[in-house]
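Next up, protein_25.cif (mmCIF, C-alpha atoms and all ligand atoms):
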data_my_file
loop_
_atom_site.label_atom_id
_atom_site.label_comp_id
_atom_site.auth_asym_id
_atom_site.auth_seq_id
_atom_site.Cartn_x
_atom_site.Cartn_y
_atom_site.Cartn_z
CA MET A 15 -5.12 11.69 -13.60
CA GLU A 16 -2.20 10.50 -11.48
CA VAL A 17 1.40 11.45 -12.18
CA LEU A 18 4.21 8.95 -11.49
CA THR A 19 7.63 10.55 -11.00
CA ASN A 20 10.81 10.48 -8.92
CA GLY A 21 10.25 14.19 -8.21
CA THR A 22 13.74 15.33 -9.18
CA LEU A 23 12.57 17.38 -12.18
CA ILE A 24 9.74 19.20 -10.40
CA THR A 25 10.38 22.94 -10.66
CA SER A 26 8.19 26.02 -10.21
CA GLU A 27 7.18 25.68 -13.89
CA TRP A 28 5.67 22.28 -13.10
CA ILE A 29 3.92 23.71 -10.06
CA ASP A 30 2.17 26.21 -12.38
CA ILE A 31 1.08 23.34 -14.67
CA PHE A 32 -0.19 21.26 -11.72
CA ARG A 33 -2.11 24.29 -10.47
CA GLU A 34 -3.76 24.73 -13.84
CA TYR A 35 -4.47 21.00 -14.34
CA PRO A 36 -4.60 19.52 -10.82
CA PRO A 37 -3.78 15.81 -10.82
CA LEU A 38 -5.71 13.48 -8.52
CA LEU A 39 -2.38 12.46 -7.01
CA ILE A 40 1.34 12.75 -7.71
CA ASP A 41 3.02 9.47 -6.80
CA ILE A 42 6.71 9.99 -6.06
CA SER A 43 9.35 7.28 -5.59
CA ILE A 44 11.95 7.82 -2.89
CA TYR A 45 15.25 5.95 -3.36
CA GLY A 46 17.21 6.95 -0.29
CA THR A 47 17.99 9.61 2.27
CA SER A 48 21.23 11.08 0.93
CA ASN A 49 22.83 12.22 -2.34
CA GLU A 50 25.26 9.29 -2.10
CA GLU A 51 22.43 6.73 -2.03
CA TYR A 52 20.63 8.45 -4.90
CA GLU A 53 23.73 8.54 -7.06
CA LYS A 54 24.50 4.88 -6.39
CA LEU A 55 20.96 3.69 -7.11
CA THR A 56 19.79 6.07 -9.85
CA GLY A 57 22.97 7.59 -11.26
CA VAL A 58 21.58 11.09 -10.63
CA LYS A 59 24.05 13.50 -9.01
CA ASN A 60 22.52 15.49 -6.14
CA GLY A 61 19.39 13.37 -6.67
CA TYR A 62 18.32 13.61 -3.03
CA ASP A 63 18.59 17.42 -3.01
CA LEU A 64 16.57 17.59 -6.26
CA PHE A 65 13.95 15.25 -4.81
CA ILE A 66 13.66 17.39 -1.65
CA ARG A 67 13.37 20.52 -3.81
CA GLY A 68 10.49 18.88 -5.73
CA ILE A 69 8.51 17.76 -2.68
CA SER A 70 9.14 21.10 -0.90
CA LEU A 71 7.63 22.96 -3.87
CA LEU A 72 4.61 20.62 -3.89
CA GLN A 73 4.13 20.98 -0.14
CA ALA A 74 4.32 24.79 -0.32
CA ALA A 75 1.78 24.80 -3.20
CA LYS A 76 -0.51 22.40 -1.26
CA ILE A 77 -0.57 19.94 -4.17
CA ARG A 78 -1.49 16.41 -3.17
CA PHE A 79 1.32 13.86 -3.43
CA ALA A 80 2.36 10.56 -1.83
CA LEU A 81 5.78 8.99 -1.37
CA LYS A 82 6.59 5.39 -2.13
CA GLY A 83 9.86 3.84 -0.96
CA ILE A 84 11.66 1.60 -3.44
CA LEU A 85 13.60 -0.67 -1.12
CA MET A 86 16.82 -2.31 -2.19
CA ASN A 87 19.76 -3.93 -0.43
CA GLU A 88 21.50 -0.55 -0.32
CA ASN A 89 18.69 1.46 1.29
CA TYR A 90 16.16 -0.77 3.09
CA LYS A 91 17.71 -0.02 6.47
CA GLN A 92 16.74 3.64 5.91
CA LEU A 93 13.05 2.75 5.83
CA LYS A 94 12.28 4.56 9.09
CA ARG A 95 13.98 7.73 7.84
CA MET A 96 12.07 7.54 4.53
CA GLU A 97 8.83 7.25 6.47
CA GLU A 98 9.81 10.32 8.55
CA ILE A 99 10.51 12.32 5.39
CA SER A 100 7.11 11.30 4.05
CA SER A 101 5.28 12.43 7.21
CA ALA A 102 7.23 15.71 7.28
CA TYR A 103 6.21 16.67 3.73
CA SER A 104 3.01 14.81 2.82
CA SER A 105 -0.25 13.99 4.56
CA GLU A 106 -0.75 10.88 2.43
CA ASN A 107 0.14 7.38 3.66
CA PHE A 108 3.71 6.28 3.04
CA ARG A 109 3.96 3.05 1.05
CA TYR A 110 6.92 0.96 -0.02
CA SER A 111 7.83 -2.00 -2.10
CA TYR A 112 10.85 -4.31 -1.98
CA GLU A 113 9.83 -6.34 -5.00
CA LEU A 114 11.88 -5.26 -8.01
CA VAL A 115 11.20 -6.26 -11.60
CA VAL A 116 13.28 -6.35 -14.76
CA ASP A 117 13.61 -3.00 -16.49
CA ARG A 118 12.06 -1.99 -19.84
CA GLN A 119 15.21 -3.08 -21.68
CA CYS A 120 14.62 -6.55 -20.16
CA THR A 121 17.96 -6.60 -18.38
CA ASN A 122 18.07 -8.24 -15.00
CA ALA A 123 20.11 -5.35 -13.52
CA PRO A 124 17.42 -4.27 -11.00
CA ARG A 125 17.29 -7.81 -9.62
CA THR A 126 20.86 -7.53 -8.36
CA TYR A 127 19.63 -4.91 -5.85
CA GLU A 128 16.82 -7.08 -4.49
CA VAL A 129 16.29 -7.40 -0.76
CA ASP A 130 16.37 -11.00 0.47
CA PRO A 131 12.72 -12.28 0.68
CA LEU A 132 12.94 -13.01 4.41
CA GLU A 133 14.52 -9.60 5.18
CA GLY A 134 11.80 -7.91 3.11
CA VAL A 135 8.95 -9.69 4.89
CA ILE A 136 10.47 -9.12 8.36
CA THR A 137 11.00 -5.42 7.61
CA GLU A 138 7.40 -5.14 6.48
CA ILE A 139 6.17 -6.86 9.66
CA LYS A 140 8.41 -4.80 11.97
CA TYR A 141 7.33 -1.49 10.50
CA GLY A 142 3.70 -2.54 10.40
CA VAL A 143 3.29 -1.23 6.85
CA ASN A 144 0.02 -2.60 5.40
CA ALA A 145 -0.40 -4.55 8.65
CA SER A 146 -4.11 -3.92 9.21
CA MET A 147 -4.99 -4.85 5.62
CA LEU A 148 -2.81 -7.99 5.72
CA LYS A 149 -4.16 -9.05 9.15
CA LYS A 150 -7.72 -8.60 7.89
CA ARG A 151 -6.89 -10.77 4.88
CA GLY A 152 -5.38 -13.48 7.11
CA LYS A 153 -8.44 -13.46 9.39
CA GLU A 154 -10.82 -13.71 6.44
CA LEU A 155 -8.92 -16.64 4.98
CA LEU A 156 -9.16 -18.46 8.32
CA GLU A 157 -12.91 -17.84 8.23
CA GLY A 158 -13.09 -19.27 4.71
CA ILE A 159 -13.61 -15.89 2.99
CA ASP A 160 -11.41 -15.53 -0.09
CA GLU A 161 -11.97 -12.19 -1.79
CA ASP A 162 -9.56 -13.09 -4.57
CA SER A 163 -11.44 -16.20 -5.65
CA TYR A 164 -13.69 -14.18 -7.99
CA ARG A 165 -10.86 -14.11 -10.54
CA ASP A 166 -9.98 -17.82 -10.22
CA GLY A 167 -9.54 -19.28 -13.66
CA MET A 168 -8.47 -15.92 -15.12
CA LEU A 169 -4.88 -14.97 -15.92
CA TYR A 170 -5.11 -11.50 -14.31
CA ARG A 171 -6.41 -10.82 -10.79
CA CYS A 172 -6.03 -7.05 -11.17
CA THR A 173 -8.03 -4.38 -13.03
CA ILE A 174 -5.91 -4.47 -16.20
CA GLY A 175 -7.85 -3.26 -19.23
CA ASP A 176 -10.67 -2.03 -17.02
CA LEU A 177 -10.18 1.06 -14.86
CA ALA A 178 -7.08 2.97 -15.88
CA VAL A 179 -4.34 3.35 -18.47
CA HIS A 180 -0.70 4.36 -18.22
CA ILE A 181 0.76 6.95 -20.61
CA ASN A 182 4.49 7.65 -20.67
CA TYR A 183 6.31 10.83 -21.72
CA LEU A 184 6.39 9.64 -25.36
CA GLY A 185 2.60 9.30 -25.48
CA GLU A 186 2.84 5.50 -25.41
CA MET A 187 -0.22 4.15 -23.68
CA GLY A 188 -0.66 0.73 -22.07
CA PRO A 189 -3.38 -0.87 -19.94
CA CYS A 190 -1.13 -0.54 -16.86
CA VAL A 191 2.33 0.68 -15.95
CA GLU A 192 3.90 -2.77 -16.42
CA CYS A 193 2.36 -3.83 -19.73
CA GLY A 194 4.62 -3.68 -22.78
CA GLU A 195 1.71 -3.73 -25.26
CA ARG A 196 1.08 -0.10 -26.14
CA GLY A 197 -0.50 2.29 -28.56
CA ASN A 198 0.43 5.96 -28.95
CA VAL A 199 -2.06 8.69 -28.05
CA LEU A 200 -0.13 11.18 -30.18
CA LYS A 201 -0.80 9.07 -33.29
CA GLU A 202 -3.95 7.04 -32.61
CA ASP A 203 -7.42 7.55 -31.25
CA PHE A 204 -7.53 7.08 -27.45
CA ASN A 205 -10.74 4.99 -27.55
CA ASN A 206 -9.39 2.70 -30.27
CA ILE A 207 -6.31 1.95 -28.16
CA CYS A 208 -8.50 1.31 -25.08
CA ALA A 209 -10.65 -1.12 -27.07
CA ARG A 210 -7.55 -3.24 -27.79
CA PHE A 211 -6.87 -3.58 -24.05
CA GLU A 212 -10.27 -5.05 -23.19
CA LYS A 213 -8.99 -8.53 -24.05
CA PHE A 214 -6.80 -8.60 -20.93
CA LYS A 215 -9.61 -8.76 -18.40
CA GLU A 216 -11.22 -11.65 -20.33
CA GLU A 217 -8.03 -13.70 -20.64
CA LYS A 218 -8.43 -17.16 -19.14
CA ALA A 219 -5.61 -18.85 -17.27
CA PRO A 220 -4.19 -21.79 -19.19
CA PHE A 221 -4.47 -25.35 -17.86
CA GLY A 222 -1.87 -26.02 -15.18
CA TYR A 223 -1.31 -22.35 -14.34
CA LYS A 224 0.35 -22.48 -10.92
CA CYS A 225 -1.36 -19.34 -9.58
CA SER A 226 -4.88 -20.69 -10.16
CA GLY A 227 -6.16 -21.82 -6.78
CA CYS A 228 -2.83 -21.00 -5.07
CA ARG A 229 -3.44 -20.67 -1.34
CA TYR A 230 -0.86 -17.90 -0.97
CA LYS A 231 -2.34 -15.65 -3.65
CA ALA A 232 -4.02 -13.25 -1.20
CA PHE A 233 -0.48 -12.20 -0.17
CA CYS A 234 1.09 -12.28 -3.60
CA THR A 235 1.89 -9.27 -5.77
CA SER A 236 3.44 -11.21 -8.64
CA CYS A 237 2.34 -9.71 -11.96
CA PRO A 238 1.91 -11.74 -15.18
CA GLN A 239 3.03 -8.74 -17.28
CA THR A 240 6.37 -8.36 -15.48
CA ARG A 241 6.90 -12.12 -15.80
CA ARG A 242 6.24 -11.83 -19.51
CA ARG A 243 9.01 -9.19 -19.68
CA GLU A 244 11.35 -11.31 -17.60
CA TYR A 245 10.75 -14.80 -18.97
CA GLY A 246 8.92 -14.11 -22.23
CA ASN A 247 5.93 -15.98 -20.79
CA GLU A 248 3.43 -14.67 -18.23
CA ILE A 249 2.56 -18.07 -16.78
CA ILE A 250 6.09 -18.80 -15.53
CA VAL A 251 6.14 -17.83 -11.86
CA LYS A 252 9.16 -16.54 -10.02
CA THR A 253 10.27 -18.54 -6.96
CA LYS A 254 11.09 -15.43 -4.95
CA ASP A 255 7.57 -14.03 -5.42
CA CYS A 256 6.14 -17.32 -4.16
CA ILE A 257 8.46 -17.35 -1.11
CA VAL A 258 7.42 -13.80 -0.15
CA ALA A 259 3.72 -14.71 -0.42
CA GLU A 260 4.23 -17.96 1.50
CA LEU A 261 6.08 -16.22 4.37
CA LYS A 262 3.34 -13.59 4.65
CA TYR A 263 0.71 -16.33 4.62
CA LEU A 264 2.47 -18.16 7.45
CA TYR A 265 2.69 -14.96 9.50
CA TYR A 266 -0.78 -13.52 8.88
CA VAL A 267 -2.80 -16.75 8.70
CA TYR A 268 -0.87 -19.17 10.94
CA ASN A 269 0.54 -16.49 13.27
CA LEU A 270 4.11 -17.82 13.10
CA SER A 271 6.51 -15.60 15.04
CA ILE A 272 9.44 -13.88 13.32
CA GLU A 273 11.81 -16.45 14.84
CA GLU A 274 9.65 -19.28 13.48
CA LEU A 275 9.63 -17.62 10.06
CA LYS A 276 13.43 -17.45 10.15
CA ASP A 277 13.64 -21.18 11.03
CA TYR A 278 11.14 -22.09 8.34
CA TYR A 279 13.04 -20.09 5.72
CA LYS A 280 16.37 -21.54 6.77
CA LYS A 281 15.08 -25.11 6.60
CA ASN A 282 13.25 -24.70 3.30
CA TYR A 283 15.06 -22.10 1.25
CA ARG A 284 18.49 -21.08 2.50
CA ARG A 285 21.12 -23.34 1.03
S1 LIG B 301 2.54 -17.37 -4.67
FE1 LIG B 301 3.44 -18.07 -6.61
S2 LIG B 301 1.97 -19.56 -7.43
FE2 LIG B 301 0.93 -18.38 -5.81
S3 LIG B 301 -0.14 -16.72 -6.86
FE3 LIG B 301 1.89 -15.94 -6.27
S4 LIG B 301 3.23 -16.33 -8.04
FE4 LIG B 301 1.39 -17.58 -8.29
#
Encoded form (structure tokens):
Amino acid sequence: MEVLTNGTLITSEWIDIFREYPPLLIDISIYGTSNEEYEKLTGVKNGYDLFIRGISLLQAAKIRFALKGILMNENYKQLKRMEEISSAYSSENFRYSYELVVDRQCTNAPRTYEVDPLEGVITEIKYGVNASMLKKRGKELLEGIDEDSYRDGMLYRCTIGDLAVHINYLGEMGPCVECGERGNVLKEDFNNICARFEKFKEEKAPFGYKCSGCRYKAFCTSCPQTRRREYGNEIIVKTKDCIVAELKYLYYVYNLSIEELKDYYKKNYRR
């Protein structure tokens, strides 16, 4: 079992529970490096202090946890500091994401905090996060090896409906964290709910689906379920997702320099 949390509610009571039922991993989002940033981005007063309290308790109890930076316009320049906090408290790799999706209420509010695609890609390159994995992917594509091709023709390229489920604090269970289709483990049999999710891994991509055969897909993290939430239709792709994947492709496959990426972006996308 993995626990997803922002860490602000972790108290000694939770440490006792984690000791009794040790999770495989506790995955904690970090939103900034000060109370001001936390309040602006999450609305939680003293959020940074509460977050530090949570990860200090976990560290002292030797409970395994990893930090994941959620980068937005307001905080992405603090990436280095976030990485330092992660290494000071956790032995797990620091990860981050700058790709935001619509919230559960289907408002576009999170999108207004999005980092510009070029800034996001350049930050990722400069900090070398995921660099070895992305370089390996670029090299393989040049050699004609495409590990993602095994799911060509299918709507989902991930393990939805196969390996894991996501259960929220209300007991609502979905085939992944993003999927809105849910059962409730407090009211229904776990196995019956799981059986309903098997359809996802068998779902074929419809004719004309833009992602089928897309040459940038090895660098793309666009998710059909979040697009369903955003557009009401999982086959509608989001231009920004495609730009991010294209820029990574140009860097990791064609070895464009950062300056060349900037020129390319300016010529093709900046109006
Ligand atoms: S880059 Fe665009 S078209 Fe290609 S896989 Fe990603 S979302 Fe689909």
Fill in the blank from the handout: With distances taken over only C-alpha atoms and all ligand atoms, the candidate from A:Lys254, A:Arg243, A:Lys218, A:Arg165 nearest ligand LIG 301 (chain B) is A:Lys254
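Put simply, CA of Gly21 in chain A is 16.9 Å away from CA of Glu50 in chain A.
Restricting the atom set to all atoms listed in the file, one finds that the residues within 6 Å of ligand LIG 301 (chain B) amount to Lys224, Cys225, Cys228, Tyr230, Lys231, Cys234, Ser236, Val251, Asp255, Cys256 and Ala259 of chain A.
Between CA of Glu248 in chain A and CA of Glu161 in chain A the separation is 22.7 Å.
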Completion exercise
Gly188 in chain A proximity check over A:Ser105, A:Ser226, A:Gln239, A:Ser163, using all atoms listed in the file: winner is A:Gln239
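Distance check against Glu128 in chain A using all atoms listed in the file: of A:Leu114, A:Met187, A:Ile40, A:Ala209, the minimum falls on A:Leu114.
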Handout entry: Surrounding residues of Asp166 in chain A excluding itself and chain neighbours under 2 positions, 9 Å, only C-alpha atoms, as a ChimeraX atom specification
Key = /A:162-164,168-171,219,225-227
Problem - Shell around Lys91 in chain A at 10 Å using all atoms listed in the file, local window under 6 positions removed, as a PyMOL selection string - result: chain A and resi 46+85+137
Near Tyr110 in chain A, within 10 Å and counting all atoms listed in the file, which residues show up once chain neighbours fewer than 3 positions away are dropped, as a PDB file with C-alpha atoms, in the coordinates of the input?
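See selection24.pdb below for the written result:
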ATOM      1  CA  SER A  43       9.350   7.280  -5.590  1.00  0.00           C
ATOM      2  CA  ILE A  44      11.950   7.820  -2.890  1.00  0.00           C
ATOM      3  CA  LEU A  81       5.780   8.990  -1.370  1.00  0.00           C
ATOM      4  CA  LYS A  82       6.590   5.390  -2.130  1.00  0.00           C
ATOM      5  CA  GLY A  83       9.860   3.840  -0.960  1.00  0.00           C
ATOM      6  CA  ILE A  84      11.660   1.600  -3.440  1.00  0.00           C
ATOM      7  CA  LEU A  85      13.600  -0.670  -1.120  1.00  0.00           C
ATOM      8  CA  TYR A  90      16.160  -0.770   3.090  1.00  0.00           C
ATOM      9  CA  LEU A  93      13.050   2.750   5.830  1.00  0.00           C
ATOM     10  CA  MET A  96      12.070   7.540   4.530  1.00  0.00           C
ATOM     11  CA  GLU A  97       8.830   7.250   6.470  1.00  0.00           C
ATOM     12  CA  GLU A 113       9.830  -6.340  -5.000  1.00  0.00           C
ATOM     13  CA  GLU A 138       7.400  -5.140   6.480  1.00  0.00           C
ATOM     14  CA  VAL A 143       3.290  -1.230   6.850  1.00  0.00           C
ATOM     15  CA  ASN A 144       0.020  -2.600   5.400  1.00  0.00           C
TER      16      ASN A 144
END
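Counting all atoms listed in the file, Ile249 in chain A has the following residues at most 7 Å away, ignoring those fewer than 2 positions along the same chain: Tyr223, Pro238, Asn247 and Val251 of chain A.
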Practice task
With a distance cut-off of 10 Å and all atoms listed in the file, select the neighbouring residues of Leu148 in chain A, excluding the residue or stretch itself and same-chain residues fewer than 2 positions from it, and output the selection as number ranges by chain.
Solution key: A: 139, 142-146, 150-154, 232-233, 262-263, 265-267
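Considering all atoms listed in the file, the residue among A:Glu157, A:Glu273, A:Thr235, A:Glu202 positioned nearest to Tyr112 in chain A is A:Thr235.
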Problem - Residue among A:Ile136, A:Ile69, A:Leu177, A:Ile159 lying closest to Leu261 in chain A, counting only C-alpha atoms - result: A:Ile136
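One finds CA of Phe204 in chain A at 13.2 Å from CA of Gly175 in chain A.
Minimum atom-to-atom distance to Glu192 in chain A, evaluated using only C-alpha atoms, belongs to A:Arg242 out of A:Lys213, A:Arg242, A:Ile207, A:Asn122.
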